[in-house]
Amino acid sequence: MCDLGTIGLVLSVASTAMASKGARDQGKYQQQIANNNAVAAEYQAEGAIEKGNLEAKQARLRAGQEKGSARTALAANGLDVDFGTAVDLQGDILAAGEQDAQQLKHNAALDAWGFRNQASNSRANGTLARTSGNNQAASSLLTGASSVASKWGDYKKAKGTTAKGSGGSISTYGFGSAAPTSISGSF
């Protein structure tokens, strides 16, 4: 049968191992959450680009419709739509539509950049969380090992120590004089 000193050492080792594993698992979990957030941000970046392209296409279509309306109005007023000011007006309408389209694409690119930056930061935070968890695990192991080694040394030293009184002895088995496990002799 094991004595209380051995049981204490075993429990201390088990506690240290559990604390270390818990810290490591927590770091892995936090990293996975951060990576999932990064993937979501990447999808948002792709969505922003697609939205910007669609909005730019719509701006060009609107400019084309405005040009068509202008041509119709100019022709209805008896102007030559392929000459002079009428051509300039139609060109200005298309240029303004293209400028709107380019601005929409630029805004989408800025949005995508922000989402990609968010993804990058999220991944960095995940790596930091994983590293922190591993460092906490290592710290738990080192602290636990130091504690176990100290307790083991105290246990081994005390196991062979006996306190002698007048005519007898008290064996402490590593628990000091406060917890004797056997008494022999007469006092």
# chains A, B, ... in the order shown; residues from 1 in each chain; ligands from 1
call {"tool": "select_by_dssp", "arguments": {"residues": "chain A", "states": "helix (DSSP H, G or I)", "output": "PyMOL selection string"}}
result
chain A and resi 4-76+85-159
call {"tool": "select_by_dssp", "arguments": {"residues": "chain A", "states": "strand (DSSP E or B)", "output": "JSON, numbers by chain"}}
result
{"A": [162, 163, 164, 168, 169, 170, 171, 182, 183, 184, 185]}
call {"tool": "write_last_selection", "arguments": {"atoms": "N, CA, C and O atoms", "output": "PDB file, in the first residue's frame"}}
result
ATOM      1  N   THR A 162      14.009   9.995  12.024  1.00  0.00           N
ATOM      2  CA  THR A 162      13.214   9.644  13.197  1.00  0.00           C
ATOM      3  C   THR A 162      13.554  10.611  14.307  1.00  0.00           C
ATOM      4  O   THR A 162      14.690  11.058  14.430  1.00  0.00           O
ATOM      5  N   ALA A 163      12.576  10.929  15.085  1.00  0.00           N
ATOM      6  CA  ALA A 163      12.797  11.800  16.246  1.00  0.00           C
ATOM      7  C   ALA A 163      12.920  10.896  17.452  1.00  0.00           C
ATOM      8  O   ALA A 163      12.046  10.099  17.713  1.00  0.00           O
ATOM      9  N   LYS A 164      14.015  11.027  18.150  1.00  0.00           N
ATOM     10  CA  LYS A 164      14.247  10.156  19.297  1.00  0.00           C
ATOM     11  C   LYS A 164      13.911  10.886  20.582  1.00  0.00           C
ATOM     12  O   LYS A 164      14.300  12.022  20.774  1.00  0.00           O
ATOM     13  N   GLY A 168      12.278   5.946  23.184  1.00  0.00           N
ATOM     14  CA  GLY A 168      11.471   5.548  22.035  1.00  0.00           C
ATOM     15  C   GLY A 168      11.753   6.436  20.841  1.00  0.00           C
ATOM     16  O   GLY A 168      12.633   7.279  20.862  1.00  0.00           O
ATOM     17  N   SER A 169      10.986   6.230  19.794  1.00  0.00           N
ATOM     18  CA  SER A 169      11.179   7.067  18.598  1.00  0.00           C
ATOM     19  C   SER A 169       9.830   7.287  17.906  1.00  0.00           C
ATOM     20  O   SER A 169       8.924   6.491  18.036  1.00  0.00           O
ATOM     21  N   ILE A 170       9.773   8.375  17.193  1.00  0.00           N
ATOM     22  CA  ILE A 170       8.590   8.679  16.384  1.00  0.00           C
ATOM     23  C   ILE A 170       9.068   8.779  14.938  1.00  0.00           C
ATOM     24  O   ILE A 170       9.957   9.552  14.624  1.00  0.00           O
ATOM     25  N   SER A 171       8.490   7.981  14.087  1.00  0.00           N
ATOM     26  CA  SER A 171       8.837   8.037  12.668  1.00  0.00           C
ATOM     27  C   SER A 171       7.819   8.944  11.972  1.00  0.00           C
ATOM     28  O   SER A 171       6.618   8.745  12.084  1.00  0.00           O
ATOM     29  N   SER A 182       3.793   6.176  13.240  1.00  0.00           N
ATOM     30  CA  SER A 182       3.991   5.050  14.160  1.00  0.00           C
ATOM     31  C   SER A 182       4.750   5.543  15.380  1.00  0.00           C
ATOM     32  O   SER A 182       5.583   6.433  15.295  1.00  0.00           O
ATOM     33  N   ILE A 183       4.426   4.964  16.497  1.00  0.00           N
ATOM     34  CA  ILE A 183       5.088   5.325  17.747  1.00  0.00           C
ATOM     35  C   ILE A 183       5.534   4.042  18.388  1.00  0.00           C
ATOM     36  O   ILE A 183       4.796   3.063  18.456  1.00  0.00           O
ATOM     37  N   SER A 184       6.775   4.064  18.832  1.00  0.00           N
ATOM     38  CA  SER A 184       7.258   2.850  19.511  1.00  0.00           C
ATOM     39  C   SER A 184       8.004   3.265  20.790  1.00  0.00           C
ATOM     40  O   SER A 184       8.490   4.383  20.897  1.00  0.00           O
ATOM     41  N   GLY A 185       8.098   2.357  21.664  1.00  0.00           N
ATOM     42  CA  GLY A 185       8.865   2.614  22.874  1.00  0.00           C
ATOM     43  C   GLY A 185       8.009   3.276  23.942  1.00  0.00           C
ATOM     44  O   GLY A 185       6.817   3.457  23.805  1.00  0.00           O
TER      45      GLY A 185
END
call {"tool": "closest_atom_pairs", "arguments": {"of": "region 77-132 of chain A", "to": "region 10-30 of chain A", "cutoff": "12 Å", "atoms": "only C-alpha atoms", "output": "tab-separated table"}}
result
residue	atom	partner	partner_atom	distance
A:Ser122	CA	A:Gln30	CA	10.4
A:Arg123	CA	A:Gln30	CA	10.4
A:Ala124	CA	A:Gln30	CA	11.3
A:Asn125	CA	A:Gln30	CA	8.6
A:Gly126	CA	A:Gln30	CA	6.1
A:Thr127	CA	A:Gly27	CA	8.6
A:Leu128	CA	A:Gly27	CA	8.4
A:Ala129	CA	A:Gly27	CA	5.0
A:Arg130	CA	A:Gly27	CA	4.1
A:Thr131	CA	A:Gly27	CA	7.0
A:Ser132	CA	A:Gly27	CA	6.5
call {"tool": "write_last_selection", "arguments": {"atoms": "C-alpha atoms", "output": "PDB file, in the first residue's frame"}}
result
ATOM      1  CA  SER A 122      -6.756  37.538 -36.696  1.00  0.00           C
ATOM      2  CA  ARG A 123      -4.202  34.959 -37.827  1.00  0.00           C
ATOM      3  CA  ALA A 124      -1.462  36.773 -35.912  1.00  0.00           C
ATOM      4  CA  ASN A 125      -3.639  36.807 -32.790  1.00  0.00           C
ATOM      5  CA  GLY A 126      -4.255  33.085 -33.262  1.00  0.00           C
ATOM      6  CA  THR A 127      -0.544  32.388 -33.477  1.00  0.00           C
ATOM      7  CA  LEU A 128       0.004  34.500 -30.376  1.00  0.00           C
ATOM      8  CA  ALA A 129      -2.745  32.621 -28.516  1.00  0.00           C
ATOM      9  CA  ARG A 130      -1.219  29.271 -29.484  1.00  0.00           C
ATOM     10  CA  THR A 131       2.260  30.393 -28.434  1.00  0.00           C
ATOM     11  CA  SER A 132       0.895  31.777 -25.174  1.00  0.00           C
TER      12      SER A 132
END
call {"tool": "atom_distance", "arguments": {"atom1": "CA of Val39 (chain A)", "atom2": "CA of Ala101 (chain A)"}}
result
28.1 Å
call {"tool": "atom_distance", "arguments": {"atom1": "CA of Leu61 (chain A)", "atom2": "CA of Gly97 (chain A)"}}
result
8.2 Å
call {"tool": "closest_residue", "arguments": {"among": "A:Asp111, A:Glu46, A:Glu66, A:Asp80", "to": "Leu94 (chain A)", "atoms": "only C-alpha atoms"}}
result
A:Glu66
call {"tool": "closest_residue", "arguments": {"among": "A:Asn77, A:Gln103, A:Thr72, A:Ser139", "to": "Gln90 (chain A)", "atoms": "only C-alpha atoms"}}
result
A:Thr72
call {"tool": "atom_distance", "arguments": {"atom1": "CA of Ala119 (chain A)", "atom2": "CA of Ala34 (chain A)"}}
result
8.5 Å
call {"tool": "residues_around", "arguments": {"residues": "Ile93 (chain A)", "least_positions_apart": "2", "cutoff": "9 Å", "atoms": "only C-alpha atoms", "output": "list in words"}}
result
Ala63, Gly64, Glu66, Lys67, Ala70, Asp88, Leu89, Gln90, Gly91, Ala95, Ala96, Gly97 and Glu98 of chain A
call {"tool": "residues_around", "arguments": {"residues": "Leu104 (chain A)", "least_positions_apart": "3", "cutoff": "8 Å", "atoms": "only C-alpha atoms", "output": "PyMOL selection string"}}
result
chain A and resi 52-53+55-56+100-101+107-108
call {"tool": "closest_residue", "arguments": {"among": "A:Val148, A:Leu74, A:Leu79, A:Ala112", "to": "Ala41 (chain A)", "atoms": "only C-alpha atoms"}}
result
A:Ala112
